[in-house]
Structures are given as C-alpha cells and as structure tokens.
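query_19.txt (compact mmCIF, C-alpha atoms)
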```
# COMPACT_ATOMS: atom_id res chain seq x y z
CA MET L 1375 189.00 146.55 270.71
CA ALA L 1376 187.99 143.87 268.21
CA GLU L 1377 189.18 141.22 270.70
CA CYS L 1378 187.17 142.84 273.47
CA ALA L 1379 184.06 142.82 271.25
CA LYS L 1380 184.63 139.16 270.41
CA ALA L 1381 185.01 138.18 274.07
CA ILE L 1382 181.81 140.06 274.94
CA LYS L 1383 179.95 138.18 272.22
CA ILE L 1384 181.27 134.77 273.28
CA SER L 1385 180.46 135.40 276.94
CA GLY L 1386 176.83 136.17 276.09
CA ALA L 1387 176.99 139.26 278.31
CA ASP L 1388 173.89 141.45 278.25
CA ILE L 1389 175.58 144.48 279.73
CA VAL L 1390 179.04 145.94 279.28
CA THR L 1391 180.49 148.57 281.57
CA VAL L 1392 182.07 151.58 279.95
CA ALA L 1393 184.23 154.36 281.31
CA VAL L 1394 184.12 158.04 280.39
CA ARG L 1395 187.45 159.27 279.12
CA ARG L 1396 188.89 162.09 277.03
CA VAL L 1397 188.62 161.75 273.25
CA ASN L 1398 192.02 161.53 271.58
CA ILE L 1399 191.73 164.62 269.43
CA SER L 1400 195.25 164.44 268.01
CA ASP L 1401 194.66 160.97 266.59
CA LYS L 1402 191.23 161.11 264.99
CA LYS L 1403 191.60 157.73 263.38
CA LYS L 1404 191.62 155.99 266.74
CA PRO L 1405 188.57 153.70 266.77
CA LEU L 1406 185.66 154.29 269.10
CA LEU L 1407 184.15 151.54 271.22
CA MET L 1408 180.76 152.16 269.65
CA ASP L 1409 182.22 151.15 266.28
CA PHE L 1410 182.87 147.65 267.68
CA VAL L 1411 180.16 147.05 270.25
CA ASP L 1412 176.71 148.14 269.13
CA PRO L 1413 174.91 149.88 272.02
CA LYS L 1414 171.63 148.67 270.54
CA LYS L 1415 172.68 145.04 270.99
CA VAL L 1416 174.57 145.23 274.27
CA THR L 1417 173.48 147.58 277.04
CA TYR L 1418 176.17 150.13 277.81
CA LEU L 1419 176.54 150.68 281.52
CA PRO L 1420 178.52 153.85 282.19
CA ASN L 1421 180.49 153.46 285.36
CA THR L 1422 182.69 155.55 287.57
CA ALA L 1423 185.67 153.20 287.81
CA GLY L 1424 188.64 155.14 289.04
CA CYS L 1425 186.66 157.76 290.96
CA PHE L 1426 187.75 158.35 294.53
CA ASN L 1427 185.07 160.78 295.69
CA SER L 1428 181.44 161.64 295.20
CA LYS L 1429 182.16 164.80 293.22
CA GLU L 1430 184.18 162.97 290.55
CA ALA L 1431 181.62 160.18 290.35
CA LEU L 1432 178.71 162.59 289.87
CA ARG L 1433 180.61 164.55 287.21
CA THR L 1434 181.41 161.34 285.32
CA LEU L 1435 177.86 160.02 285.32
CA ARG L 1436 176.32 163.34 284.33
CA LEU L 1437 178.71 163.42 281.35
CA ALA L 1438 177.79 159.81 280.56
CA ARG L 1439 174.12 160.72 280.47
CA GLU L 1440 174.95 163.54 278.09
CA ILE L 1441 176.74 161.18 275.68
CA GLY L 1442 173.84 158.93 275.04
CA GLY L 1443 170.92 159.60 277.30
CA TRP L 1444 171.81 156.64 279.50
CA LYS L 1445 170.02 156.65 282.82
CA LEU L 1446 171.15 153.22 283.95
CA VAL L 1447 174.59 153.66 285.46
CA LYS L 1448 177.03 151.91 287.75
CA LEU L 1449 178.31 153.84 290.71
CA GLU L 1450 181.72 152.98 292.08
CA VAL L 1451 183.47 155.27 294.54
CA LEU L 1452 186.75 153.84 295.72
CA GLY L 1453 188.31 154.60 299.06
CA ASP L 1454 191.79 153.15 298.95
CA LYS L 1455 194.24 152.89 296.07
CA LYS L 1456 195.78 149.66 297.36
CA ASN L 1457 192.82 147.48 298.25
CA LEU L 1458 190.32 149.31 295.99
CA PHE L 1459 187.55 148.84 298.52
CA PRO L 1460 184.51 151.06 298.07
CA GLU L 1461 184.21 154.25 300.13
CA MET L 1462 180.72 153.49 301.37
CA ILE L 1463 179.78 156.83 302.93
CA GLU L 1464 180.52 158.67 299.67
CA THR L 1465 178.82 155.86 297.75
CA LEU L 1466 175.65 156.14 299.82
CA ASN L 1467 175.51 159.93 299.46
CA SER L 1468 176.08 159.71 295.70
CA THR L 1469 173.36 157.07 295.36
CA GLU L 1470 170.87 159.43 296.97
CA ILE L 1471 171.82 162.39 294.78
CA LEU L 1472 171.84 160.40 291.53
CA THR L 1473 168.50 158.75 292.28
CA LYS L 1474 166.97 162.18 292.85
CA GLU L 1475 168.36 163.29 289.48
CA GLY L 1476 166.51 160.44 287.79
CA PHE L 1477 169.38 157.99 287.38
CA LYS L 1478 168.91 154.27 287.89
CA VAL L 1479 171.94 153.45 289.97
CA MET L 1480 173.56 150.04 290.20
CA VAL L 1481 175.87 150.28 293.17
CA TYR L 1482 179.26 148.67 293.72
CA CYS L 1483 179.48 148.04 297.45
CA ASN L 1484 181.01 146.09 300.24
CA ASP L 1485 179.54 142.71 301.15
CA ASP L 1486 177.88 144.26 304.20
CA PRO L 1487 174.15 143.48 304.55
CA LEU L 1488 173.45 146.61 306.63
CA MET L 1489 175.02 148.90 304.07
CA ALA L 1490 173.24 147.04 301.28
CA LYS L 1491 169.96 147.79 303.05
CA ARG L 1492 170.81 151.47 303.34
CA LEU L 1493 171.63 151.62 299.63
CA GLU L 1494 168.29 150.02 298.87
CA ASN L 1495 166.52 152.59 301.03
CA ALA L 1496 168.43 155.36 299.22
CA GLY L 1497 166.93 154.19 295.92
CA ALA L 1498 169.58 151.89 294.43
CA ALA L 1499 168.44 149.99 291.34
CA ALA L 1500 170.77 147.04 291.96
CA ILE L 1501 173.12 145.89 294.70
CA MET L 1502 176.60 144.91 293.49
CA PRO L 1503 178.70 143.58 296.34
CA LEU L 1504 182.30 142.63 295.78
CA ALA L 1505 183.39 139.00 295.99
CA ALA L 1506 186.91 140.11 296.89
CA PRO L 1507 189.14 143.11 296.03
CA ILE L 1508 188.91 144.25 292.39
CA GLY L 1509 191.21 142.23 290.15
CA SER L 1510 192.30 139.92 292.99
CA GLY L 1511 190.75 136.76 291.56
CA LEU L 1512 190.15 135.41 295.06
CA GLY L 1513 186.54 134.39 294.46
CA ILE L 1514 183.68 134.92 296.93
CA LEU L 1515 185.27 135.44 300.34
CA ASN L 1516 182.10 135.82 302.37
CA LYS L 1517 179.35 133.57 301.08
CA VAL L 1518 177.25 133.99 304.21
CA ASN L 1519 177.00 137.75 303.79
CA ILE L 1520 176.01 137.36 300.16
CA GLN L 1521 173.27 134.92 301.20
CA ILE L 1522 172.02 137.34 303.86
CA ILE L 1523 171.89 140.16 301.30
CA ARG L 1524 170.02 137.83 298.92
CA LYS L 1525 167.45 137.03 301.59
CA GLN L 1526 166.81 140.66 302.46
CA THR L 1527 166.47 142.20 299.01
CA LYS L 1528 164.36 141.72 295.92
CA LEU L 1529 166.59 144.09 293.95
CA PRO L 1530 168.90 142.58 291.33
CA LEU L 1531 171.97 141.26 293.13
CA ILE L 1532 175.14 141.12 291.06
CA ILE L 1533 178.57 140.05 292.23
CA ASP L 1534 181.01 142.72 291.13
CA ALA L 1535 184.76 142.25 291.36
CA GLY L 1536 187.12 139.60 292.65
CA LEU L 1537 186.09 136.54 290.66
CA GLY L 1538 189.01 134.48 289.41
CA GLN L 1539 187.64 131.52 287.49
CA ALA L 1540 184.41 130.20 286.05
CA SER L 1541 183.46 128.15 289.12
CA ASP L 1542 183.36 131.38 291.16
CA ALA L 1543 180.53 132.55 288.91
CA THR L 1544 178.69 129.27 289.46
CA ILE L 1545 178.96 129.76 293.23
CA ALA L 1546 177.63 133.32 292.92
CA MET L 1547 174.63 132.11 290.97
CA GLU L 1548 174.05 129.21 293.37
CA LEU L 1549 173.90 131.70 296.22
CA GLY L 1550 170.96 133.28 294.41
CA CYS L 1551 172.67 136.18 292.69
CA ASP L 1552 171.15 137.49 289.46
CA GLY L 1553 174.41 137.91 287.65
CA VAL L 1554 178.13 138.53 287.80
CA LEU L 1555 180.33 141.33 286.54
CA VAL L 1556 183.61 140.02 285.20
CA ASN L 1557 186.54 141.74 283.59
CA THR L 1558 190.02 140.73 284.79
CA ALA L 1559 189.28 136.99 285.11
CA ILE L 1560 188.53 136.88 281.39
CA ALA L 1561 190.70 139.68 280.03
CA LYS L 1562 193.84 138.42 281.75
CA ALA L 1563 193.24 134.68 281.35
CA LYS L 1564 195.77 132.90 279.14
CA LYS L 1565 192.95 132.17 276.69
CA PRO L 1566 190.39 134.96 277.13
CA PHE L 1567 187.88 133.67 274.55
CA GLU L 1568 187.85 130.20 276.11
CA MET L 1569 187.45 131.74 279.56
CA ALA L 1570 184.59 133.92 278.30
CA LYS L 1571 182.82 130.78 277.15
CA ALA L 1572 183.57 129.02 280.45
CA PHE L 1573 182.02 131.92 282.38
CA LYS L 1574 178.91 131.81 280.22
CA ASN L 1575 178.45 128.11 280.91
CA ALA L 1576 179.25 128.61 284.60
CA VAL L 1577 176.57 131.27 285.02
CA ILE L 1578 173.97 129.11 283.29
CA ALA L 1579 174.94 126.06 285.39
CA GLY L 1580 174.84 128.02 288.63
CA ARG L 1581 171.44 129.51 287.88
CA GLN L 1582 169.97 126.11 286.97
CA SER L 1583 171.45 124.61 290.11
CA TYR L 1584 169.97 127.40 292.27
CA LEU L 1585 166.53 127.00 290.72
CA SER L 1586 166.69 123.21 291.09
CA GLY L 1587 166.97 123.36 294.88
CA ARG L 1588 170.02 121.71 296.32
CA ILE L 1589 169.89 118.80 298.80
CA GLU L 1590 170.39 119.38 302.48
CA LYS L 1591 173.89 119.01 303.83
CA LYS L 1592 174.39 116.06 306.24
CA ILE L 1593 177.31 115.03 308.36
CA MET L 1594 176.82 111.28 307.91
CA GLY L 1595 176.60 109.16 304.78
CA ASP L 1596 173.24 108.28 303.27
CA PRO L 1597 173.24 105.38 300.78
CA SER L 1598 171.89 106.27 297.38
CA SER L 1599 170.94 102.64 296.52
CA PRO L 1600 168.06 100.95 298.35
CA THR L 1601 169.20 98.75 301.25
CA LYS L 1602 166.10 96.52 300.93
CA GLY L 1603 166.74 93.22 299.13
CA ILE L 1604 170.47 93.15 299.66
CA ILE L 1605 171.77 89.62 299.01
CA MET A 822 194.86 189.45 261.71
CA LYS A 823 192.39 187.96 264.13
CA LYS A 824 193.06 188.10 267.84
CA LYS A 825 194.19 184.79 269.25
CA ILE A 826 193.28 183.22 272.58
CA LYS A 827 194.65 180.36 274.64
CA ILE A 828 192.29 177.60 275.72
CA LYS A 829 192.72 174.10 277.04
CA ILE A 830 191.18 171.20 275.16
CA ASN A 831 191.27 167.94 277.07
CA GLY A 832 194.01 169.34 279.24
CA LYS A 833 196.22 170.47 276.35
CA LEU A 834 196.97 174.08 275.52
CA ASN A 835 195.61 175.28 272.17
CA ILE A 836 195.74 178.64 270.47
CA ILE A 837 192.65 179.51 268.49
CA ASP A 838 190.95 182.56 267.03
CA ASP A 839 189.12 184.73 269.52
CA LYS A 840 185.35 184.37 269.50
CA THR A 841 185.39 180.93 267.92
CA LYS A 842 182.10 179.14 268.41
CA VAL A 843 182.32 175.78 270.19
CA SER A 844 180.48 174.16 267.29
CA VAL A 845 183.02 175.51 264.77
CA LEU A 846 185.97 174.28 266.84
CA LEU A 847 184.47 170.81 267.26
CA ARG A 848 183.79 170.57 263.54
CA SER A 849 187.40 171.51 262.77
CA LEU A 850 188.55 168.79 265.19
CA LYS A 851 186.20 166.32 263.46
CA VAL A 852 184.60 165.30 266.73
CA PRO A 853 181.72 162.83 266.22
CA LEU A 854 179.15 164.84 268.15
CA ARG A 855 176.64 162.05 268.62
CA LYS A 856 179.19 159.92 270.46
CA VAL A 857 180.63 162.45 272.88
CA ALA A 858 179.77 164.82 275.71
CA ILE A 859 181.13 168.34 275.98
CA GLU A 860 182.03 170.14 279.15
CA LEU A 861 183.08 173.78 279.28
CA ASN A 862 184.70 175.02 282.49
CA ARG A 863 183.29 172.03 284.38
CA GLU A 864 179.73 172.57 283.18
CA ILE A 865 178.05 170.25 280.72
CA VAL A 866 177.11 172.00 277.50
CA ASP A 867 173.82 171.12 275.83
CA LYS A 868 174.86 169.91 272.37
CA LYS A 869 172.01 171.88 270.82
CA LYS A 870 173.54 175.11 272.10
CA LEU A 871 177.09 174.59 270.84
CA ASN A 872 176.61 177.13 268.05
CA LYS A 873 175.61 179.82 270.52
CA ILE A 874 178.66 179.68 272.75
CA PHE A 875 181.81 181.65 271.95
CA LEU A 876 185.10 180.50 273.43
CA LYS A 877 187.08 182.97 275.45
CA MET A 878 190.58 183.22 276.96
CA ASN A 879 191.52 180.43 279.41
CA ASP A 880 188.40 178.36 278.76
CA LYS A 881 188.73 174.70 279.61
CA LEU A 882 186.98 172.39 277.19
CA GLU A 883 186.58 168.68 277.76
CA ILE A 884 185.48 166.27 275.05
CA VAL A 885 184.75 162.79 276.41
CA HIS A 886 183.46 159.49 275.13
CA PHE A 887 183.04 155.89 276.26
CA ILE A 888 185.82 153.36 276.36
CA GLY A 889 185.56 149.77 277.57
CA GLY A 890 186.33 149.34 281.24
CA GLY A 891 184.91 147.99 284.44
```

Mind turning the file's structure into structure tokens?
Amino acid sequence: MAECAKAIKISGADIVTVAVRRVNISDKKKPLLMDFVDPKKVTYLPNTAGCFNSKEALRTLRLAREIGGWKLVKLEVLGDKKNLFPEMIETLNSTEILTKEGFKVMVYCNDDPLMAKRLENAGAAAIMPLAAPIGSGLGILNKVNIQIIRKQTKLPLIIDAGLGQASDATIAMELGCDGVLVNTAIAKAKKPFEMAKAFKNAVIAGRQSYLSGRIEKKIMGDPSSPTKGII
Amino acid sequence: MKKKIKIKINGKLNIIDDKTKVSVLLRSLKVPLRKVAIELNREIVDKKKLNKIFLKMNDKLEIVHFIGGG
C-alpha cells in the first residue's frame, strides 16, 4: 500500500478510485488505505469495479456513501467476464437511479456516442468511455468515436480503461479529453514509479498540444524553409 | 449462562451472546467506525443508531471499507 501511495503521488493524480470490500476482522493490524492516502489530499472516488448488475452496483455505492459521505462516485457495471465490456442497459438504469438519489455519477461506458448522449440525458456527471478492454493495454481503438463524443458533450470526458503506455494518454488528451484513468499500465509496468511519472508528463503534453491547435493534415509535402532567394 | 446466538459477520459464522448491541460487538472487534460502513441483513445501518440495535439469531452483518482499486 505504501508503493501504491507513492505511485499516486508521483503521477500527480487528483482522484483515486477505491473499491468497497469487507474489513478483515480477524487481522486487525492490516493497514487501511486511508492510513496511506489522505482523502483530504486526493479525492477518493468510490467505484463499483467487479459489479455485474445494477443491484450490486447500487448496493456498493450506497455503502460507499455511508463510509465517508462521498457523493461523487464512479459507476461501472460489467456485462461479460472475459472482455469486461460495460453492460450499458444496466449502466443507464443505474445512472438514473443514482442521480435521483443525489449522487454525482461518473460513468464507465462504451465508446458509443449515442449511449454517451443517453447517459448525459440521464444525469451523468462525467462520461468515461473505454479506450479498449480493461487491462488490455491496447490504447485508444476508436479515436473517431472519442472525438464525436468530445464534440457533443461539455461534461468532463475521461478515458477509462485500456491504456498501455504514456503516449496513449497523450493521444487521449490531444483528442480533447479532460483526463485519463490509469491503473494496470502503471501498476504492472516493470518500473511503476517511472511509468507514473511518464503518464504525468504525457497528460500535460497532450493537454498543451490540444490547446495549442494542431496543424492541418496534408497529403503532399510543404517546405518549412522559404523558397524565395534560393541560390 | 447467557443464551448464545449464531450470526454471520462478513460471511463468517460467529457465536455471540444473545441481545448483543451492534455497537458493543463492533467495539469488541475494534472496528474503526469512522472508516467503515455497516450493513445488517442487506440494509445500511445509520452509525448513530448502532447502540439501539440488538443482534438476533441468523443476522448477517457486513463491515466494509475502501481499498485501492479501479
């Protein structure tokens, strides 16, 4: 847990996702996450990782709210144990219910612009499309869809799942995303602390690049030195 | 001798005194109350009311907290 806290610090992450699990009551000396990562310094984002239906997800987030009064939560309802894709019908229904209960729901979803729109209409606080299957490290598979979602929403847009290396985060930010959610790419890198730092730099670079306005793409060459006065 | 009851705490069978208050049980387990949520028979228990609830036979108590994980 100390390593995890160190990686979080190096990465400069503002938010850390947390899962709700049973307390180990037989081993009371087992450390708690809150002893390592101060919830006053880093925003805890309770999430429903591992939930496969709406009922489980709602139960988890209601318990999370009870632990610390957190209203900002991440909803993730999975539909398939192999590809870990989100079950979007259950996700949409849960978003509606949680929003009505006063939660601010950041929603893990497919990279489908139509579904993203429906989530927004249901009251989602942020749209979190996957880049690729969770833990796959494939990077952003469908850049066009992410761009379409960016164009249609003013909500925070965060790439969640599937990033494999720092440059993937740069691409996400260059597409106009507001952030990235990364776990496996850092946690399972050969040098996690170095990778955490790389991701931090990648996000900053991507954001600056996006704000700077990239040049148009052309098929033909265009000399960068003036042709006038050639000897 | 006090009557004993069986309850489940985080899925594990426990034998405790009948009519034990939830608050008393949690104190004996040294649960850091501010960092957990309590669920009794699938319903969230308001932490302010823990000293008003008596455990009974076959109750299912869940004590949960946050761990890191995406």

Proximal residues of chain A relative to chain L (only C-alpha atoms; 12 Å) as a PyMOL selection string | chain A and resi 830-833+835+846-861+863-869+882-891

If you keep C-alpha atoms, can you produce a file of those selected residues as a PDB file, in the coordinates of the input?
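Writing the result to out21.pdb gives the following:
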```
ATOM      1  CA  ILE A 830     191.180 171.200 275.160  1.00  0.00           C
ATOM      2  CA  ASN A 831     191.270 167.940 277.070  1.00  0.00           C
ATOM      3  CA  GLY A 832     194.010 169.340 279.240  1.00  0.00           C
ATOM      4  CA  LYS A 833     196.220 170.470 276.350  1.00  0.00           C
ATOM      5  CA  ASN A 835     195.610 175.280 272.170  1.00  0.00           C
ATOM      6  CA  LEU A 846     185.970 174.280 266.840  1.00  0.00           C
ATOM      7  CA  LEU A 847     184.470 170.810 267.260  1.00  0.00           C
ATOM      8  CA  ARG A 848     183.790 170.570 263.540  1.00  0.00           C
ATOM      9  CA  SER A 849     187.400 171.510 262.770  1.00  0.00           C
ATOM     10  CA  LEU A 850     188.550 168.790 265.190  1.00  0.00           C
ATOM     11  CA  LYS A 851     186.200 166.320 263.460  1.00  0.00           C
ATOM     12  CA  VAL A 852     184.600 165.300 266.730  1.00  0.00           C
ATOM     13  CA  PRO A 853     181.720 162.830 266.220  1.00  0.00           C
ATOM     14  CA  LEU A 854     179.150 164.840 268.150  1.00  0.00           C
ATOM     15  CA  ARG A 855     176.640 162.050 268.620  1.00  0.00           C
ATOM     16  CA  LYS A 856     179.190 159.920 270.460  1.00  0.00           C
ATOM     17  CA  VAL A 857     180.630 162.450 272.880  1.00  0.00           C
ATOM     18  CA  ALA A 858     179.770 164.820 275.710  1.00  0.00           C
ATOM     19  CA  ILE A 859     181.130 168.340 275.980  1.00  0.00           C
ATOM     20  CA  GLU A 860     182.030 170.140 279.150  1.00  0.00           C
ATOM     21  CA  LEU A 861     183.080 173.780 279.280  1.00  0.00           C
ATOM     22  CA  ARG A 863     183.290 172.030 284.380  1.00  0.00           C
ATOM     23  CA  GLU A 864     179.730 172.570 283.180  1.00  0.00           C
ATOM     24  CA  ILE A 865     178.050 170.250 280.720  1.00  0.00           C
ATOM     25  CA  VAL A 866     177.110 172.000 277.500  1.00  0.00           C
ATOM     26  CA  ASP A 867     173.820 171.120 275.830  1.00  0.00           C
ATOM     27  CA  LYS A 868     174.860 169.910 272.370  1.00  0.00           C
ATOM     28  CA  LYS A 869     172.010 171.880 270.820  1.00  0.00           C
ATOM     29  CA  LEU A 882     186.980 172.390 277.190  1.00  0.00           C
ATOM     30  CA  GLU A 883     186.580 168.680 277.760  1.00  0.00           C
ATOM     31  CA  ILE A 884     185.480 166.270 275.050  1.00  0.00           C
ATOM     32  CA  VAL A 885     184.750 162.790 276.410  1.00  0.00           C
ATOM     33  CA  HIS A 886     183.460 159.490 275.130  1.00  0.00           C
ATOM     34  CA  PHE A 887     183.040 155.890 276.260  1.00  0.00           C
ATOM     35  CA  ILE A 888     185.820 153.360 276.360  1.00  0.00           C
ATOM     36  CA  GLY A 889     185.560 149.770 277.570  1.00  0.00           C
ATOM     37  CA  GLY A 890     186.330 149.340 281.240  1.00  0.00           C
ATOM     38  CA  GLY A 891     184.910 147.990 284.440  1.00  0.00           C
TER      39      GLY A 891
END
```

May I have the centre and edge lengths, in Å to one decimal, of an axis-aligned box around the listed atoms of region 870-886 of chain A with 5 Å added to every side, as lines of an AutoDock Vina configuration file?
```
center_x = 182.5
center_y = 171.4
center_z = 273.8
size_x = 28.0
size_y = 33.7
size_z = 21.6
```

Taking into account only C-alpha atoms, which residue in the set A:Lys825, A:Val845, A:Lys840, A:Asn862 is nearest to Lys877 (chain A)?
-> A:Lys840

Of the candidates L:Ala1579, L:Lys1565, L:Lys1429, L:Leu1435, which one gets nearest to Glu1464 (chain L) if we count all atoms listed in the file?
->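 The answer is L:Lys1429, which sits nearest to Glu1464 (chain L).
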
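Atom to atom, CA of Asp1454 (chain L) and CA of Pro1566 (chain L) stand 28.4 Å apart.
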
If you measure from CA of Lys1478 (chain L) to CA of Asp1412 (chain L), what distance in Å do you get, rounded to one decimal?
-> 21.2 Å

Between CA of Arg1581 (chain L) and CA of Thr1544 (chain L), what is the spacing in Å?
->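 Between CA of Thr1544 (chain L) and CA of Arg1581 (chain L) the gap is 7.4 Å.
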